[in-house]
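Novice: Before anything else, here's the structure in question.
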Amino acid sequence: MIRDIQNIDDDIIYKKRLIGQILYSDPDIIEVLDNKELDPTCPDEYLYENIFPFIRVPGTQDISKSYITFMLDDMEPGQINKAMKTQYLKVVIFVHKDLIKTKWGSDRHDLLAYLVKDVFNLSNQLGLQLKLVSNREGVTDADYCTRTLQFEMVSASSVKPFLTNPYEKKSIVDRKDRTLNREVVGDVK
């Protein structure tokens with residue numbers, strides 16, 4: 001590949017990696033997910049088993065598990081301040097009906113939602129402060145109960161003034177000193 005995929009300058013990819021790490025690094029979340037097949041002392045194993053950086057709807061053939069899935073959406077920069085944008089973190093928790101009851105006296109999907117809310121609500125872990133704007137219960141089918149949390153944050157837009165796409169064949173801007181590169185496109189006035 002031409003691009004350095006391990007060092008992508010994209011806030012969505014960066015933040016989704018960070019969200020996954022934050023979730024699997026919380027020992028209470030790992031304990032409540034209650035996956036007997038995984039070792040709780042190796043919490044990164046839960047990523048793509050019980051924690052997914054995309055909305056994964058469990059199928060009817062899946063074994064009974066609890067899942068935390070999430071997505072991060074960018075909204076258009078504001079009309080007044082184009083340097084800022086709104087982002088939404090949506091966390092959807094799926095728990096199989098056989099695993100709803102817990103030893104703590106709370107339903108597992110509600111308890112996982114509480115833990116996720118406790119970690120992210122009003123935190124600055126992803127840059128600017130996350131605020132819980134929605135917390136809804138639901139079902140997918142006869143087997144899975146859900147809890148959907150939506151957080152909102154305002155963050156810096158990825159607008160980079162005076163810079164152009166580095167993979168564009170003809171650039172009128174030199175990325176090093178931000179001056180017009182007249183050799184590439186000719187005389188620009």
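Ordering of the structure tokens sets the chain letters (A, B, ...); residue numbers start at 1 within each chain; ligands are numbered from 1 in the order shown.
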Could you find all residues in region 54-121 of chain A that DSSP calls helix (DSSP H, G or I) from the backbone, and write them as a PyMOL selection string?

Specialist: chain A and resi 97-99+108-120

Novice: Could you take the residues named above and write them with C-alpha atoms, as a PDB file, in the first residue's frame?

Specialist:
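The resulting file, part-v2.pdb, is reproduced below:
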ATOM      1  CA  LYS A  97     -32.512 -13.872  26.976  1.00  0.00           C
ATOM      2  CA  ASP A  98     -30.796 -16.769  28.798  1.00  0.00           C
ATOM      3  CA  LEU A  99     -28.168 -14.357  30.204  1.00  0.00           C
ATOM      4  CA  ARG A 108     -27.390  -7.672  32.258  1.00  0.00           C
ATOM      5  CA  HIS A 109     -28.180  -5.248  29.395  1.00  0.00           C
ATOM      6  CA  ASP A 110     -29.100  -2.521  31.894  1.00  0.00           C
ATOM      7  CA  LEU A 111     -25.993  -3.190  33.978  1.00  0.00           C
ATOM      8  CA  LEU A 112     -23.697  -3.101  30.933  1.00  0.00           C
ATOM      9  CA  ALA A 113     -25.376   0.137  29.828  1.00  0.00           C
ATOM     10  CA  TYR A 114     -24.771   1.620  33.276  1.00  0.00           C
ATOM     11  CA  LEU A 115     -21.075   0.667  33.106  1.00  0.00           C
ATOM     12  CA  VAL A 116     -20.667   2.114  29.594  1.00  0.00           C
ATOM     13  CA  LYS A 117     -22.454   5.289  30.665  1.00  0.00           C
ATOM     14  CA  ASP A 118     -20.264   5.492  33.768  1.00  0.00           C
ATOM     15  CA  VAL A 119     -17.124   5.269  31.600  1.00  0.00           C
ATOM     16  CA  PHE A 120     -18.113   7.717  28.851  1.00  0.00           C
TER      17      PHE A 120
END

Novice: Excluding region 136-146 of chain A and residues on its chain fewer than 3 positions from it, collect all residues at most 12 Å away from it, counting only C-alpha atoms, and give them as an mmCIF file with C-alpha atoms, in the first residue's frame.

Specialist:
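Result written to part_37.cif:
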data_model
loop_
_atom_site.group_PDB
_atom_site.id
_atom_site.type_symbol
_atom_site.label_atom_id
_atom_site.label_comp_id
_atom_site.auth_asym_id
_atom_site.auth_seq_id
_atom_site.Cartn_x
_atom_site.Cartn_y
_atom_site.Cartn_z
ATOM 1 C CA ILE A 55 -23.015 -2.608 15.066
ATOM 2 C CA ARG A 56 -23.104 -6.393 14.948
ATOM 3 C CA VAL A 57 -26.573 -7.854 15.289
ATOM 4 C CA PRO A 58 -26.337 -11.394 16.666
ATOM 5 C CA GLY A 59 -27.926 -14.091 14.533
ATOM 6 C CA THR A 60 -30.214 -16.863 15.689
ATOM 7 C CA GLN A 61 -27.429 -19.410 15.145
ATOM 8 C CA ASP A 62 -25.003 -17.583 17.461
ATOM 9 C CA ILE A 63 -24.373 -19.075 20.882
ATOM 10 C CA SER A 64 -25.861 -17.197 23.843
ATOM 11 C CA LYS A 65 -23.632 -14.192 24.570
ATOM 12 C CA SER A 66 -23.633 -10.585 25.599
ATOM 13 C CA TYR A 67 -22.293 -8.009 23.140
ATOM 14 C CA ILE A 68 -21.266 -4.381 23.258
ATOM 15 C CA THR A 69 -21.232 -2.900 19.776
ATOM 16 C CA LYS A 90 -23.877 4.991 19.482
ATOM 17 C CA VAL A 91 -23.416 1.967 21.744
ATOM 18 C CA VAL A 92 -25.810 -0.947 21.268
ATOM 19 C CA ILE A 93 -25.747 -3.699 23.878
ATOM 20 C CA PHE A 94 -27.221 -7.096 22.991
ATOM 21 C CA VAL A 95 -27.857 -9.736 25.658
ATOM 22 C CA HIS A 96 -29.331 -13.166 25.008
ATOM 23 C CA LYS A 97 -32.512 -13.872 26.976
ATOM 24 C CA ASP A 98 -30.796 -16.769 28.798
ATOM 25 C CA LEU A 99 -28.168 -14.357 30.204
ATOM 26 C CA ILE A 100 -30.395 -11.429 31.266
ATOM 27 C CA LYS A 101 -30.522 -12.317 34.971
ATOM 28 C CA ASP A 107 -30.665 -7.154 34.137
ATOM 29 C CA ARG A 108 -27.390 -7.672 32.258
ATOM 30 C CA HIS A 109 -28.180 -5.248 29.395
ATOM 31 C CA ASP A 110 -29.100 -2.521 31.894
ATOM 32 C CA LEU A 111 -25.993 -3.190 33.978
ATOM 33 C CA LEU A 112 -23.697 -3.101 30.933
ATOM 34 C CA ALA A 113 -25.376 0.137 29.828
ATOM 35 C CA TYR A 114 -24.771 1.620 33.276
ATOM 36 C CA LEU A 132 -25.448 11.067 26.990
ATOM 37 C CA VAL A 133 -28.417 12.197 24.878
ATOM 38 C CA LEU A 149 -26.974 4.607 24.336
ATOM 39 C CA GLN A 150 -26.172 7.642 22.242
#

Novice: Compare A:Trp104, A:Asp4, A:Asn50, A:Met84 by their minimum atom-to-atom distance to Met153 (chain A), counting only C-alpha atoms, and give me the closest one.

Specialist: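 Under the stated criterion, the closest residue is A:Met84.
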
Novice: Which residues are near region 20-23 of chain A? Cut-off 9 Å, only C-alpha atoms, ignore same chain within fewer than 4 positions. Put them as a ChimeraX atom specification.

Specialist: /A:15-16,27,29-30,44,47,51-53,68,70,116,119,125

Novice: Using C-alpha atoms, can you write the selected residues to a file as a PDB file, in the first residue's frame?

Specialist:
ATOM      1  CA  LYS A  15     -11.440   7.122  18.296  1.00  0.00           C
ATOM      2  CA  LYS A  16     -12.961   3.713  17.497  1.00  0.00           C
ATOM      3  CA  PRO A  27     -12.614  -5.086  34.525  1.00  0.00           C
ATOM      4  CA  ILE A  29     -17.400  -4.598  31.911  1.00  0.00           C
ATOM      5  CA  ILE A  30     -15.377  -7.762  31.278  1.00  0.00           C
ATOM      6  CA  ASP A  44      -8.083  -7.641  24.598  1.00  0.00           C
ATOM      7  CA  LEU A  47     -12.526  -7.442  21.034  1.00  0.00           C
ATOM      8  CA  ILE A  51     -16.987  -6.048  21.901  1.00  0.00           C
ATOM      9  CA  PHE A  52     -17.333  -4.922  18.292  1.00  0.00           C
ATOM     10  CA  PRO A  53     -16.300  -1.566  16.749  1.00  0.00           C
ATOM     11  CA  ILE A  68     -21.266  -4.381  23.258  1.00  0.00           C
ATOM     12  CA  PHE A  70     -20.584   0.689  18.811  1.00  0.00           C
ATOM     13  CA  VAL A 116     -20.667   2.114  29.594  1.00  0.00           C
ATOM     14  CA  VAL A 119     -17.124   5.269  31.600  1.00  0.00           C
ATOM     15  CA  GLN A 125     -11.378  10.576  26.951  1.00  0.00           C
TER      16      GLN A 125
END

Novice: Provide the CA of Asn35 (chain A) to CA of Asn124 (chain A) distance in Å, to one decimal place.

Specialist: 29.2 Å

Novice: Please identify which residues in region 51-136 of chain A DSSP calls strand (DSSP E) from the backbone, and express them as number ranges by chain.

Specialist: A: 51-52, 66-74, 84-96, 131-136

Novice: Go ahead and dump the residues you just picked, C-alpha atoms, as a compact mmCIF listing (two decimals), in the first residue's frame.

Specialist:
# COMPACT_ATOMS: atom_id res chain seq x y z
CA ILE A 51 -16.99 -6.05 21.90
CA PHE A 52 -17.33 -4.92 18.29
CA SER A 66 -23.63 -10.58 25.60
CA TYR A 67 -22.29 -8.01 23.14
CA ILE A 68 -21.27 -4.38 23.26
CA THR A 69 -21.23 -2.90 19.78
CA PHE A 70 -20.58 0.69 18.81
CA MET A 71 -20.35 3.11 15.93
CA LEU A 72 -19.11 6.69 15.61
CA ASP A 73 -20.72 9.14 13.21
CA ASP A 74 -19.56 12.54 11.98
CA MET A 84 -16.10 22.36 14.81
CA LYS A 85 -18.29 19.32 14.12
CA THR A 86 -20.71 17.17 16.06
CA GLN A 87 -19.97 13.48 16.51
CA TYR A 88 -22.30 10.79 17.83
CA LEU A 89 -21.16 7.64 19.59
CA LYS A 90 -23.88 4.99 19.48
CA VAL A 91 -23.42 1.97 21.74
CA VAL A 92 -25.81 -0.95 21.27
CA ILE A 93 -25.75 -3.70 23.88
CA PHE A 94 -27.22 -7.10 22.99
CA VAL A 95 -27.86 -9.74 25.66
CA HIS A 96 -29.33 -13.17 25.01
CA LYS A 131 -22.82 13.82 26.82
CA LEU A 132 -25.45 11.07 26.99
CA VAL A 133 -28.42 12.20 24.88
CA SER A 134 -30.37 8.95 24.57
CA ASN A 135 -30.76 5.70 26.53
CA ARG A 136 -33.34 3.28 25.10
